[in-house]
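So the structure is just underneath, and the comments pick up after that.
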Amino acid sequence: MDLKSIISITGKPGLHKVISQTKNGIIAESIVDAKRFPVYASEKVSAIEDISIYTTSEDVPLTEVFEKLVKKTEGKVAIDHNSKPEELKKFIKQVVDFDEERVYNSDLKKMFQWFNILINAGLLKVEAKKEKKTTAKEGEKAADKKKLAPKTTAKKTTITKATPKPSKAKGGAKTVTSAKRGA
C-alpha cells in the first residue's frame with residue numbers, strides 16, 4: 001500500500017494524486033475523475049501519510065487505520081460515509097479504539113469516504129504475506145553454496161570532469177569561458 005503521492009486539498013472534495021511539481025506549486029490529478037489541475041503554494045495541502053487519528057492511547061497514522069480496514073473488509077468497500085454517525089462509530093470501533101471526544105463525526109465521514117475512494121481506485125489491496133520457513137539443513141546448504149561460489153568484484157569506474165581551458169584574452173589575466181552561456 002503506497003500512498004506517498006496521495007494528498008487532500010482544503011476546499012476540494014476527495015483525494016488527489018501528485019503528478020508533477022511546478023515553479024509555483026504542483027500539478028494534481030483527482031483520483032475519482034482523473035482531471036488534472038494546478039495546486040498553488042497558497043493552498044493548504046495535506047499528505048495522507050501525515051494524517052493520523054486520535055486514539056485513547058496515542059495517535060495512529062491514517063495509513064495504519066486503512067490497513068486494518070482493508071483486512072476487516074477483505075479489500076472491499078466499507079460502510080457508506082453518509083451512514084448515521086452511530087453506525088460509523090460502531091464500525092470503526094471494531095478496527096481501532098479511537099477517542100470519541102476528539103474525533104468528530106465529520107472526521108469519520110471523511111475517513112470512510114477516503115477509504116472507499118482508495119478501494120475503488122485500486123490503491124488499497126490485501127497483501128498476502130508468504131513467509132518461507134527454512135529448516136536448519138536448508139539454511140546450512142544455502143550457506144555452503146555461498147562459500148563455494150566464486151567472489152566477483154565489480155570494477156570501479158570513475159568519471160572525471162573536463163576542466164575549462166583558459167582563454168587567451170589580452171590584458172594579462174587569464175579568464176575561463178564557458179562553451180554554452182545562458183543555455
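Residue names in the C-alpha cells use chain letters A, B, ... in the order shown, residue numbers from 1 in each chain, and ligand numbers from 1 in the order shown.
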Got a sec to tell me which of segment 35-101 of chain A DSSP assigns to helix (DSSP H, G or I), as a PDB file with C-alpha atoms, in the first residue's frame?
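File produced: part.pdb:
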```pdb
ATOM      1  CA  ILE A  48      -2.407  11.156   3.615  1.00  0.00           C
ATOM      2  CA  GLU A  49       0.728   9.755   5.258  1.00  0.00           C
ATOM      3  CA  ASP A  50       0.898  12.777   7.576  1.00  0.00           C
ATOM      4  CA  LEU A  62      -4.320   7.002   8.890  1.00  0.00           C
ATOM      5  CA  THR A  63      -2.379   4.578   6.685  1.00  0.00           C
ATOM      6  CA  GLU A  64      -2.338   2.033   9.539  1.00  0.00           C
ATOM      7  CA  VAL A  65      -6.084   2.505  10.062  1.00  0.00           C
ATOM      8  CA  PHE A  66      -6.616   1.927   6.335  1.00  0.00           C
ATOM      9  CA  GLU A  67      -4.509  -1.269   6.506  1.00  0.00           C
ATOM     10  CA  LYS A  68      -6.684  -2.560   9.347  1.00  0.00           C
ATOM     11  CA  LEU A  69      -9.854  -1.594   7.460  1.00  0.00           C
ATOM     12  CA  VAL A  70      -8.629  -3.441   4.360  1.00  0.00           C
ATOM     13  CA  LYS A  71      -8.104  -6.583   6.426  1.00  0.00           C
ATOM     14  CA  LYS A  72     -11.517  -6.197   8.072  1.00  0.00           C
ATOM     15  CA  THR A  73     -13.382  -5.598   4.801  1.00  0.00           C
ATOM     16  CA  PRO A  85     -22.771   8.631  12.912  1.00  0.00           C
ATOM     17  CA  GLU A  86     -23.566   5.813  15.352  1.00  0.00           C
ATOM     18  CA  GLU A  87     -23.037   3.218  12.600  1.00  0.00           C
ATOM     19  CA  LEU A  88     -19.733   4.810  11.571  1.00  0.00           C
ATOM     20  CA  LYS A  89     -18.540   4.824  15.188  1.00  0.00           C
ATOM     21  CA  LYS A  90     -19.582   1.218  15.712  1.00  0.00           C
ATOM     22  CA  PHE A  91     -17.743   0.113  12.556  1.00  0.00           C
ATOM     23  CA  ILE A  92     -14.505   1.966  13.326  1.00  0.00           C
ATOM     24  CA  LYS A  93     -14.544   0.748  16.966  1.00  0.00           C
TER      25      LYS A  93
END
```
Quick one: everything within 8 Å of Leu15 of chain A, counting only C-alpha atoms, minus sequence neighbours fewer than 5 positions away in the same chain. Send it as a PyMOL selection string. chain A and resi 6-9+30-32+114+117
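For the choices A:Asp33, A:Asp80, A:Asp97, A:Glu74, the atom-to-atom distance to Val60 of chain A is smallest for A:Asp97 when using only C-alpha atoms.
The space separating atom CA of His81 of chain A from atom CA of Leu123 of chain A comes to 18.4 Å.
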List as a PyMOL selection string the protein and nucleic acid residues near Ser5 of chain A, meaning an atom at most 8 Å away when only C-alpha atoms are counted, but skip any in the same chain fewer than 5 places from it. chain A and resi 17-18+47
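In this model, the gap between atom CA of Ala41 of chain A and atom CA of Ala121 of chain A comes to 26.7 Å.
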